[in-house]
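Structure file query.csv (CSV, C-alpha atoms) is printed below.
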```csv
chain,number,residue,atom,x,y,z
G,1,MET,CA,-4.1,19.4,-185.2
G,2,THR,CA,-5.4,20.4,-181.7
G,3,VAL,CA,-3.5,20.3,-178.4
G,4,LYS,CA,-5.7,17.4,-177.3
G,5,GLN,CA,-4.9,15.4,-180.5
G,6,ALA,CA,-1.2,16.1,-180.2
G,7,GLU,CA,-1.2,15.0,-176.6
G,8,ALA,CA,-3.0,11.8,-177.6
G,9,ILE,CA,-0.3,11.0,-180.2
G,10,ARG,CA,2.4,11.7,-177.7
G,11,ASN,CA,0.9,9.4,-175.1
G,12,GLU,CA,0.2,6.6,-177.6
G,13,PHE,CA,3.8,6.8,-178.9
G,14,GLY,CA,5.1,6.3,-175.3
G,15,ARG,CA,3.4,2.9,-175.2
G,16,LYS,CA,5.1,1.6,-178.3
G,17,ASP,CA,8.4,-0.4,-178.0
G,18,ASN,CA,9.1,-0.6,-181.7
G,19,PRO,CA,7.3,2.3,-183.6
G,20,THR,CA,7.2,2.5,-187.3
G,21,GLU,CA,8.7,5.3,-189.3
G,22,ASP,CA,5.2,6.7,-190.0
G,23,GLU,CA,4.4,6.6,-186.2
G,24,PHE,CA,7.7,8.4,-185.4
G,25,PHE,CA,7.0,11.1,-188.0
G,26,GLU,CA,3.5,11.7,-186.6
G,27,PHE,CA,5.0,11.8,-183.1
G,28,THR,CA,7.7,14.4,-184.0
G,29,GLU,CA,5.0,16.6,-185.7
G,30,ALA,CA,2.8,16.4,-182.7
G,31,MET,CA,5.7,17.2,-180.3
G,32,GLY,CA,6.7,20.2,-182.4
G,33,PHE,CA,3.2,21.5,-182.3
G,34,LEU,CA,2.9,21.0,-178.5
G,35,ILE,CA,6.2,22.7,-177.9
G,36,GLU,CA,5.2,25.7,-180.0
G,37,LYS,CA,1.8,26.0,-178.4
G,38,ASN,CA,2.5,25.2,-174.7
G,39,LYS,CA,6.2,26.1,-174.3
G,40,ASN,CA,6.4,23.2,-171.8
G,41,PRO,CA,10.0,22.2,-171.0
G,42,GLY,CA,8.8,18.7,-170.1
G,43,ASP,CA,7.8,18.2,-173.7
G,44,MET,CA,11.1,19.6,-174.9
G,45,MET,CA,12.9,17.1,-172.6
G,46,TYR,CA,10.7,14.2,-173.9
G,47,LEU,CA,11.5,14.9,-177.5
G,48,GLY,CA,15.1,15.5,-176.8
G,49,GLY,CA,15.3,12.2,-174.9
G,50,VAL,CA,13.7,10.3,-177.9
G,51,TYR,CA,16.3,11.8,-180.2
G,52,TYR,CA,19.1,10.9,-177.7
G,53,GLU,CA,17.9,7.3,-177.7
G,54,LEU,CA,18.0,7.3,-181.5
G,55,LYS,CA,21.5,8.7,-181.3
G,56,LYS,CA,20.5,11.9,-183.1
G,57,PHE,CA,22.5,13.9,-180.6
G,58,ASP,CA,22.4,17.3,-182.4
G,59,LEU,CA,18.6,17.3,-182.1
G,60,ALA,CA,18.8,16.1,-178.5
G,61,LEU,CA,21.1,18.9,-177.7
G,62,LYS,CA,18.7,21.4,-179.3
G,63,TYR,CA,15.8,20.5,-177.2
G,64,TYR,CA,17.8,20.0,-174.0
G,65,GLU,CA,19.2,23.5,-174.4
G,66,LEU,CA,15.8,24.9,-175.1
G,67,ALA,CA,14.5,23.3,-171.9
G,68,ALA,CA,17.5,24.7,-170.0
G,69,THR,CA,16.4,28.2,-170.9
G,70,TYR,CA,13.4,27.6,-168.7
G,71,GLU,CA,15.8,26.6,-165.8
G,72,TYR,CA,14.4,23.1,-166.0
G,73,GLU,CA,16.6,21.0,-163.6
G,74,GLU,CA,16.6,17.8,-165.6
G,75,ALA,CA,17.9,19.6,-168.7
G,76,PHE,CA,21.2,20.3,-167.0
G,77,SER,CA,21.7,16.7,-166.2
G,78,CYS,CA,21.1,15.6,-169.8
G,79,LEU,CA,23.3,18.4,-171.1
G,80,GLY,CA,26.0,17.0,-168.8
G,81,TYR,CA,25.8,13.7,-170.5
G,82,ILE,CA,26.0,15.3,-173.9
G,83,TRP,CA,29.3,17.1,-173.0
G,84,TYR,CA,30.7,14.2,-170.8
G,85,TYR,CA,30.5,11.7,-173.7
G,86,GLY,CA,31.1,14.1,-176.5
G,87,ARG,CA,27.9,13.1,-178.1
G,88,THR,CA,27.9,15.8,-180.7
G,89,GLY,CA,31.6,15.3,-181.5
G,90,GLU,CA,33.1,17.5,-178.8
G,91,ARG,CA,33.9,16.4,-175.2
G,92,ASP,CA,33.8,19.3,-172.8
G,93,TYR,CA,34.4,18.1,-169.2
G,94,LYS,CA,34.3,21.6,-167.9
G,95,LYS,CA,30.7,22.1,-169.2
G,96,ALA,CA,29.8,18.5,-168.1
G,97,PHE,CA,31.0,19.2,-164.6
G,98,GLU,CA,29.2,22.5,-164.4
G,99,CYS,CA,26.0,21.0,-165.6
G,100,PHE,CA,26.1,17.9,-163.4
G,101,SER,CA,27.1,20.0,-160.4
G,102,ARG,CA,24.2,22.4,-161.0
G,103,SER,CA,21.7,19.5,-161.3
G,104,ALA,CA,23.2,17.6,-158.3
G,105,ALA,CA,22.9,20.7,-156.1
G,106,LEU,CA,19.1,20.5,-156.8
G,107,GLY,CA,19.0,16.8,-155.7
G,108,ASN,CA,19.4,15.0,-159.0
G,109,LEU,CA,20.9,11.6,-158.0
G,110,GLN,CA,22.0,10.8,-161.6
G,111,SER,CA,24.0,14.0,-161.7
G,112,GLU,CA,25.5,13.2,-158.3
G,113,TYR,CA,26.9,9.9,-159.3
G,114,LYS,CA,28.3,11.5,-162.5
G,115,VAL,CA,30.1,14.1,-160.4
G,116,ALA,CA,31.5,11.2,-158.5
G,117,ASP,CA,32.6,9.6,-161.8
G,118,MET,CA,34.4,12.7,-162.7
G,119,TYR,CA,36.4,12.6,-159.4
G,120,LYS,CA,37.1,8.9,-160.0
G,121,ASN,CA,38.5,9.6,-163.5
G,122,GLY,CA,40.0,13.0,-162.9
G,123,TYR,CA,37.9,14.6,-165.6
G,124,TYR,CA,38.2,18.4,-165.3
G,125,VAL,CA,38.7,18.0,-161.5
G,126,GLU,CA,41.7,16.5,-159.8
G,127,ARG,CA,41.4,12.7,-159.5
G,128,ASP,CA,40.1,11.8,-156.0
G,129,TYR,CA,39.1,8.1,-155.7
G,130,GLU,CA,38.2,8.4,-152.0
G,131,LYS,CA,35.8,11.3,-152.7
G,132,TYR,CA,34.3,9.1,-155.5
G,133,LYS,CA,33.7,6.3,-153.0
G,134,ASP,CA,32.3,8.7,-150.3
G,135,ILE,CA,29.7,10.1,-152.8
G,136,ILE,CA,28.6,6.6,-153.9
G,137,ARG,CA,28.3,5.4,-150.3
G,138,ALA,CA,26.2,8.4,-149.5
G,139,LEU,CA,24.0,7.8,-152.5
G,140,TYR,CA,23.5,4.1,-151.7
G,141,PRO,CA,20.9,4.4,-149.0
G,142,LYS,CA,19.0,7.0,-151.0
G,143,VAL,CA,18.0,4.4,-153.6
G,144,LYS,CA,17.6,1.3,-151.4
G,145,ASN,CA,13.8,1.7,-151.4
G,146,ALA,CA,13.5,2.9,-155.0
G,147,ARG,CA,10.0,2.4,-156.4
G,148,PHE,CA,10.1,4.1,-159.8
G,149,LEU,CA,12.0,2.6,-162.7
G,150,ASN,CA,13.7,5.9,-163.6
G,151,GLU,CA,15.4,6.0,-160.2
G,152,PRO,CA,19.2,5.3,-160.5
G,153,LEU,CA,19.3,2.1,-158.4
G,154,PRO,CA,21.2,0.0,-160.9
G,155,GLU,CA,23.7,2.7,-161.6
G,156,ILE,CA,24.5,3.3,-157.9
G,157,TYR,CA,24.2,-0.4,-156.9
G,158,THR,CA,26.7,-1.5,-159.6
G,159,ARG,CA,29.2,1.2,-158.5
G,160,MET,CA,28.7,0.1,-154.9
G,161,ALA,CA,29.2,-3.5,-155.9
G,162,ARG,CA,32.5,-2.7,-157.5
G,163,ILE,CA,33.6,-0.9,-154.4
G,164,TYR,CA,32.6,-4.0,-152.3
G,165,THR,CA,34.5,-6.2,-154.8
G,166,GLU,CA,37.7,-4.2,-154.2
G,167,GLU,CA,37.2,-4.5,-150.5
G,168,GLY,CA,36.8,-8.3,-150.8
G,169,ARG,CA,33.1,-8.2,-149.8
G,170,ILE,CA,32.2,-10.6,-152.7
G,171,ASP,CA,28.9,-12.0,-151.4
G,172,GLU,CA,27.6,-8.5,-150.7
G,173,ALA,CA,28.7,-7.4,-154.2
G,174,ILE,CA,26.9,-10.3,-155.8
G,175,LYS,CA,23.7,-9.5,-154.0
G,176,LEU,CA,23.8,-5.9,-155.2
G,177,TYR,CA,24.4,-7.1,-158.8
G,178,TYR,CA,21.4,-9.4,-158.7
G,179,VAL,CA,19.1,-6.6,-157.3
G,180,ALA,CA,20.4,-4.2,-159.9
G,181,LYS,CA,19.9,-6.8,-162.7
G,182,ASP,CA,16.3,-7.4,-161.7
G,183,PHE,CA,15.5,-3.7,-161.5
G,184,LEU,CA,17.2,-2.9,-164.8
G,185,SER,CA,15.4,-5.7,-166.6
G,186,GLN,CA,12.1,-4.1,-165.6
G,187,ARG,CA,13.2,-0.8,-166.9
G,188,LEU,CA,14.3,-2.3,-170.2
G,189,ARG,CA,11.0,-4.0,-170.6
G,190,TYR,CA,9.4,-0.6,-171.2
G,191,ASN,CA,12.3,1.2,-172.9
G,192,ALA,CA,15.4,-0.5,-174.3
G,193,PHE,CA,17.6,2.6,-174.1
G,194,PHE,CA,21.1,1.8,-175.4
G,195,GLY,CA,22.7,3.3,-172.2
G,196,ASP,CA,20.7,0.9,-170.0
G,197,LEU,CA,21.6,-2.0,-172.3
G,198,ASN,CA,25.3,-1.0,-171.8
G,199,ILE,CA,24.8,-1.0,-168.0
G,200,MET,CA,23.2,-4.5,-168.2
G,201,LYS,CA,26.1,-5.8,-170.3
G,202,TRP,CA,28.8,-4.4,-167.9
G,203,LEU,CA,26.8,-5.7,-164.9
G,204,ILE,CA,26.6,-9.2,-166.3
G,205,ASP,CA,30.3,-9.2,-167.2
G,206,ASP,CA,31.2,-8.1,-163.7
G,207,LEU,CA,28.7,-10.5,-162.0
G,208,TYR,CA,30.0,-13.6,-163.7
G,209,LEU,CA,33.6,-12.7,-162.8
G,210,LEU,CA,32.5,-13.3,-159.2
G,211,THR,CA,30.2,-16.3,-159.5
G,212,GLU,CA,29.4,-19.0,-162.0
G,213,LEU,CA,26.3,-18.9,-164.2
G,214,ASP,CA,23.9,-21.7,-163.4
G,215,ASP,CA,22.5,-22.9,-166.7
G,216,THR,CA,19.4,-24.2,-165.0
G,217,VAL,CA,18.2,-20.7,-163.9
G,218,ILE,CA,19.2,-18.4,-166.7
G,219,ASP,CA,17.2,-15.5,-168.1
G,220,PHE,CA,17.3,-13.5,-171.2
G,221,TYR,CA,20.0,-11.0,-170.0
G,222,ASP,CA,22.3,-13.9,-169.1
G,223,LEU,CA,22.8,-14.2,-172.9
G,224,PHE,CA,25.1,-11.2,-172.5
G,225,HIS,CA,27.5,-13.7,-170.9
G,226,LEU,CA,26.7,-16.8,-172.9
G,227,LEU,CA,26.9,-15.2,-176.3
G,228,LYS,CA,30.5,-14.1,-175.7
G,229,ASN,CA,31.5,-17.7,-176.7
G,230,PRO,CA,30.1,-20.2,-179.3
G,231,CYS,CA,26.9,-21.8,-178.0
G,232,THR,CA,23.3,-22.4,-178.7
G,233,VAL,CA,20.5,-21.2,-176.4
G,234,ALA,CA,17.0,-22.5,-176.9
G,235,PHE,CA,13.9,-21.1,-175.2
G,236,ARG,CA,10.1,-21.1,-175.6
G,237,TYR,CA,7.7,-18.2,-175.9
G,238,LYS,CA,4.0,-18.5,-176.3
G,239,ASN,CA,4.3,-22.2,-176.9
G,240,SER,CA,6.8,-21.7,-179.7
G,241,SER,CA,10.4,-22.7,-179.7
G,242,TYR,CA,13.3,-20.3,-180.6
G,243,THR,CA,17.0,-20.7,-180.9
G,244,VAL,CA,19.8,-18.1,-180.6
G,245,LYS,CA,23.3,-19.2,-181.8
G,246,ALA,CA,26.7,-17.6,-181.3
G,247,LEU,CA,29.2,-18.8,-183.9
G,248,GLU,CA,32.9,-18.0,-184.1
G,249,GLU,CA,33.9,-16.1,-187.2
G,250,ASP,CA,37.4,-14.6,-187.7
G,251,GLY,CA,38.1,-15.0,-184.0
G,252,GLN,CA,34.9,-13.2,-182.9
G,253,CYS,CA,31.4,-14.4,-182.1
G,254,VAL,CA,28.6,-13.4,-184.4
G,255,ILE,CA,25.0,-14.2,-183.5
G,256,THR,CA,22.1,-15.6,-185.5
G,257,PHE,CA,18.4,-15.5,-184.5
G,258,ASP,CA,15.3,-16.0,-186.5
G,259,GLY,CA,17.1,-15.9,-189.8
G,260,LYS,CA,18.9,-12.6,-189.0
G,261,TRP,CA,22.6,-12.0,-188.2
G,262,PHE,CA,24.0,-9.7,-185.6
G,263,ARG,CA,27.6,-8.6,-185.5
G,264,THR,CA,27.9,-8.2,-181.7
G,265,ARG,CA,26.0,-8.7,-178.4
G,266,ASP,CA,25.1,-5.0,-178.5
G,267,ASP,CA,23.7,-5.4,-182.0
G,268,PHE,CA,21.6,-8.4,-180.9
G,269,PHE,CA,20.1,-6.9,-177.8
G,270,SER,CA,19.3,-3.6,-179.5
G,271,ARG,CA,17.8,-5.0,-182.7
G,272,ALA,CA,16.4,-8.5,-182.2
G,273,VAL,CA,12.7,-8.9,-182.4
G,274,ILE,CA,10.0,-11.6,-182.3
G,275,GLY,CA,7.3,-10.6,-184.7
G,276,SER,CA,7.1,-6.8,-184.4
G,277,ARG,CA,8.1,-6.7,-180.7
G,278,ARG,CA,11.6,-6.1,-179.4
G,279,MET,CA,12.8,-9.1,-177.4
G,280,THR,CA,13.6,-6.8,-174.5
G,281,ALA,CA,9.9,-6.0,-174.3
G,282,VAL,CA,8.7,-9.6,-174.1
G,283,CYS,CA,11.6,-11.5,-172.6
G,284,HIS,CA,10.0,-11.8,-169.2
G,285,ASP,CA,7.6,-14.3,-170.8
G,286,PHE,CA,10.5,-16.5,-172.1
G,287,TYR,CA,10.8,-19.9,-170.4
G,288,MET,CA,12.5,-23.3,-170.6
G,289,PHE,CA,16.0,-22.0,-171.5
G,290,GLU,CA,18.4,-24.7,-172.6
G,291,VAL,CA,22.1,-24.1,-173.3
G,292,SER,CA,24.4,-26.3,-175.4
G,293,ARG,CA,28.1,-25.5,-176.0
```

Before we go any further, please render this structure as structure tokens.
Amino acid sequence: MTVKQAEAIRNEFGRKDNPTEDEFFEFTEAMGFLIEKNKNPGDMMYLGGVYYELKKFDLALKYYELAATYEYEEAFSCLGYIWYYGRTGERDYKKAFECFSRSAALGNLQSEYKVADMYKNGYYVERDYEKYKDIIRALYPKVKNARFLNEPLPEIYTRMARIYTEEGRIDEAIKLYYVAKDFLSQRLRYNAFFGDLNIMKWLIDDLYLLTELDDTVIDFYDLFHLLKNPCTVAFRYKNSSYTVKALEEDGQCVITFDGKWFRTRDDFFSRAVIGSRRMTAVCHDFYMFEVSR
């Protein structure tokens, strides 16, 4: 294998939304080769990120720590997430705060809102809700003109919307949720990361506490709301008809689609496919939604 061949495999893998096991193996071999040859912390972060998305957190930690030895700023943010959520089995809020603070000091907006979260929850630092709100308010204008999908507009807008909701500024909160929803749906189109799916689920749950869902203008991610209760949602894609059903079973809703069963909303949104494509990658082309309860 040459560097050029390995780079081509890496780039092609990035265009796949549902790679096969063989494609994944080829990708990891290529990335291991590139990391050994080039010592590029960006490649270390990319491989670590892929392992993180697959919830292989021990391997993610390995490559994040390797990138951190090169003083790579993004590595400290990602290490913060590892320790904040205890991804490898051990929560360490001290390490998380130190990593997030180091990254935030270098201008990483993700790390800044995670520092805010730690003040909100009183993790390692003394709980200070006013400081949390001050940090989020300061971050809000920094993402208003976000142009790139990796910018944390949804994360900051949803936090700002909850602050507005507490203050009774409901219409402003709803507007922020809708903007965040649209931005996040575009991000998920290219990468259905489980963390972003969680943000979308929480966003939808919060949004429809403030306003009613209009069945005539729903989109795919509104199914996070609809599938909480028994219902049938029909839609069309490429001139074919599809149906998603939520059925009550032992006091909970299970979901069926295209002959497959899903235990939860999370399970459906992370695994459901049409053909070989993840639904999150093609849902922008769904149309003619109809809901029956």

My list of candidates is G:Cys78, G:Ile135, G:Cys253, G:Leu66. Which is closest to Met118 (chain G) when distances are computed with only C-alpha atoms?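 Smallest separation from Met118 (chain G) among the options: G:Ile135.
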
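Comparing the minimum interatomic distances between Arg189 (chain G) and each of G:Lys245, G:Asp134, G:Ile274, G:Leu149, counting only C-alpha atoms, we find that G:Leu149 sits nearest.
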
Every residue with an atom at most 10 Å from (6.0, 19.9, -177.4) (file coordinates; only C-alpha atoms) is what I'm after, so could you write them as a VMD selection string? chain G and resid 3 6 to 7 10 27 to 47 63

Contact residues around Tyr129 (chain G) with only C-alpha atoms at 10 Å, ignoring same-chain residues under 5 positions, as a ChimeraX atom specification: /G:116-122,134

Distance criterion (only C-alpha atoms): nearest to Leu54 (chain G) out of G:Lys260, G:Lys94, G:Ser185, G:Phe24: G:Phe24

Please, what distance in Å, to one decimal, runs between CA of Gly80 (chain G) and CA of Phe97 (chain G)? 6.9 Å

List every protein, DNA or RNA residue that has at least one atom no more than 12 Å from (23.6, -13.7, -157.7) in the file's coordinates, counting all atoms listed in the file, and write the result as a ChimeraX atom specification. /G:161,170-182,203-204,206-214,217-218,222

Separation of CA of Ser101 (chain G) and CA of Arg137 (chain G), in Å? 17.8 Å

Please, what distance in Å, to one decimal, runs between CA of Glu23 (chain G) and CA of Phe220 (chain G)?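 Answer for the CA of Glu23 (chain G) to CA of Phe220 (chain G) separation: 28.2 Å.
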
Among the residues G:Lys131, G:Arg187, G:Met160, G:Gln5, the one that comes closest to Arg147 (chain G) [using all atoms listed in the file]: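 Distance minimum relative to Arg147 (chain G) lands on G:Arg187.
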
Residue nearest Gly14 (chain G) among G:Tyr190, G:Ala105, G:Thr2, G:Tyr51 (counting all atoms listed in the file): G:Tyr190

Which residue out of G:Tyr140, G:Phe25, G:Tyr93, G:Phe76 has the minimum interatomic distance to Leu153 (chain G) when all atoms listed in the file are used?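 The answer is G:Tyr140, which sits nearest to Leu153 (chain G).
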
Name all residues at most 8 Å from Val143 (chain G) (count only C-alpha atoms; drop same-chain ones fewer than 4 positions away) and give them as a PyMOL selection string. chain G and resi 139+151-153+156

Compile the contact shell of Met279 (chain G) as an NGL selection string: residues with an atom at most 12 Å away, counting all atoms listed in the file, same-chain residues fewer than 4 positions apart removed. :G and (17-18 or 185 or 188-192 or 220-221 or 237 or 242 or 244 or 257-258 or 268-275 or 283-286)

Could region 107-128 of chain G be completed with N, CA, C and O atoms and written as an mmCIF file, keeping the file's coordinate frame, please?
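And here's result18.cif as it stands now:
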```cif
data_model
loop_
_atom_site.group_PDB
_atom_site.id
_atom_site.type_symbol
_atom_site.label_atom_id
_atom_site.label_comp_id
_atom_site.auth_asym_id
_atom_site.auth_seq_id
_atom_site.Cartn_x
_atom_site.Cartn_y
_atom_site.Cartn_z
ATOM 1 N N GLY G 107 19.471 18.142 -156.146
ATOM 2 C CA GLY G 107 19.000 16.800 -155.700
ATOM 3 C C GLY G 107 18.910 15.766 -156.736
ATOM 4 O O GLY G 107 18.356 14.689 -156.474
ATOM 5 N N ASN G 108 19.430 15.984 -157.947
ATOM 6 C CA ASN G 108 19.400 15.000 -159.000
ATOM 7 C C ASN G 108 20.422 13.903 -158.728
ATOM 8 O O ASN G 108 21.628 14.162 -158.797
ATOM 9 N N LEU G 109 19.975 12.680 -158.432
ATOM 10 C CA LEU G 109 20.900 11.600 -158.000
ATOM 11 C C LEU G 109 21.751 11.148 -159.212
ATOM 12 O O LEU G 109 22.914 10.764 -159.012
ATOM 13 N N GLN G 110 21.206 11.161 -160.426
ATOM 14 C CA GLN G 110 22.000 10.800 -161.600
ATOM 15 C C GLN G 110 23.207 11.734 -161.721
ATOM 16 O O GLN G 110 24.330 11.288 -161.980
ATOM 17 N N SER G 111 22.947 13.011 -161.556
ATOM 18 C CA SER G 111 24.000 14.000 -161.700
ATOM 19 C C SER G 111 25.047 13.811 -160.541
ATOM 20 O O SER G 111 26.247 14.005 -160.738
ATOM 21 N N GLU G 112 24.559 13.419 -159.374
ATOM 22 C CA GLU G 112 25.500 13.200 -158.300
ATOM 23 C C GLU G 112 26.455 12.089 -158.541
ATOM 24 O O GLU G 112 27.659 12.216 -158.268
ATOM 25 N N TYR G 113 25.978 10.963 -159.096
ATOM 26 C CA TYR G 113 26.900 9.900 -159.300
ATOM 27 C C TYR G 113 27.849 10.198 -160.535
ATOM 28 O O TYR G 113 28.970 9.694 -160.618
ATOM 29 N N LYS G 114 27.380 11.060 -161.443
ATOM 30 C CA LYS G 114 28.300 11.500 -162.500
ATOM 31 C C LYS G 114 29.344 12.425 -162.026
ATOM 32 O O LYS G 114 30.485 12.387 -162.503
ATOM 33 N N VAL G 115 29.015 13.286 -161.073
ATOM 34 C CA VAL G 115 30.100 14.100 -160.400
ATOM 35 C C VAL G 115 31.077 13.181 -159.771
ATOM 36 O O VAL G 115 32.290 13.388 -159.879
ATOM 37 N N ALA G 116 30.583 12.131 -159.099
ATOM 38 C CA ALA G 116 31.500 11.200 -158.500
ATOM 39 C C ALA G 116 32.395 10.530 -159.538
ATOM 40 O O ALA G 116 33.611 10.380 -159.321
ATOM 41 N N ASP G 117 31.815 10.154 -160.680
ATOM 42 C CA ASP G 117 32.600 9.600 -161.800
ATOM 43 C C ASP G 117 33.720 10.492 -162.217
ATOM 44 O O ASP G 117 34.833 10.052 -162.547
ATOM 45 N N MET G 118 33.437 11.782 -162.242
ATOM 46 C CA MET G 118 34.400 12.700 -162.700
ATOM 47 C C MET G 118 35.592 12.822 -161.711
ATOM 48 O O MET G 118 36.759 12.987 -162.105
ATOM 49 N N TYR G 119 35.297 12.689 -160.416
ATOM 50 C CA TYR G 119 36.400 12.600 -159.400
ATOM 51 C C TYR G 119 37.144 11.297 -159.547
ATOM 52 O O TYR G 119 38.365 11.263 -159.389
ATOM 53 N N LYS G 120 36.449 10.234 -159.842
ATOM 54 C CA LYS G 120 37.100 8.900 -160.000
ATOM 55 C C LYS G 120 38.096 8.966 -161.171
ATOM 56 O O LYS G 120 39.208 8.435 -161.081
ATOM 57 N N ASN G 121 37.665 9.577 -162.290
ATOM 58 C CA ASN G 121 38.500 9.600 -163.500
ATOM 59 C C ASN G 121 39.408 10.756 -163.654
ATOM 60 O O ASN G 121 40.271 10.758 -164.530
ATOM 61 N N GLY G 122 39.218 11.761 -162.800
ATOM 62 C CA GLY G 122 40.000 13.000 -162.900
ATOM 63 C C GLY G 122 39.673 13.792 -164.137
ATOM 64 O O GLY G 122 40.547 14.392 -164.773
ATOM 65 N N TYR G 123 38.392 13.840 -164.474
ATOM 66 C CA TYR G 123 37.900 14.600 -165.600
ATOM 67 C C TYR G 123 37.575 16.037 -165.142
ATOM 68 O O TYR G 123 36.659 16.226 -164.354
ATOM 69 N N TYR G 124 38.304 17.007 -165.609
ATOM 70 C CA TYR G 124 38.200 18.400 -165.300
ATOM 71 C C TYR G 124 38.667 18.699 -163.846
ATOM 72 O O TYR G 124 39.366 19.673 -163.585
ATOM 73 N N VAL G 125 38.283 17.851 -162.894
ATOM 74 C CA VAL G 125 38.700 18.000 -161.500
ATOM 75 C C VAL G 125 39.905 17.070 -161.245
ATOM 76 O O VAL G 125 40.160 16.138 -162.002
ATOM 77 N N GLU G 126 40.623 17.336 -160.157
ATOM 78 C CA GLU G 126 41.700 16.500 -159.800
ATOM 79 C C GLU G 126 41.184 15.091 -159.365
ATOM 80 O O GLU G 126 40.186 14.990 -158.662
ATOM 81 N N ARG G 127 41.856 14.033 -159.812
ATOM 82 C CA ARG G 127 41.400 12.700 -159.500
ATOM 83 C C ARG G 127 41.399 12.493 -157.968
ATOM 84 O O ARG G 127 42.383 12.774 -157.286
ATOM 85 N N ASP G 128 40.265 11.996 -157.440
ATOM 86 C CA ASP G 128 40.100 11.800 -156.000
ATOM 87 C C ASP G 128 39.215 10.575 -155.796
ATOM 88 O O ASP G 128 37.998 10.688 -155.686
#
```
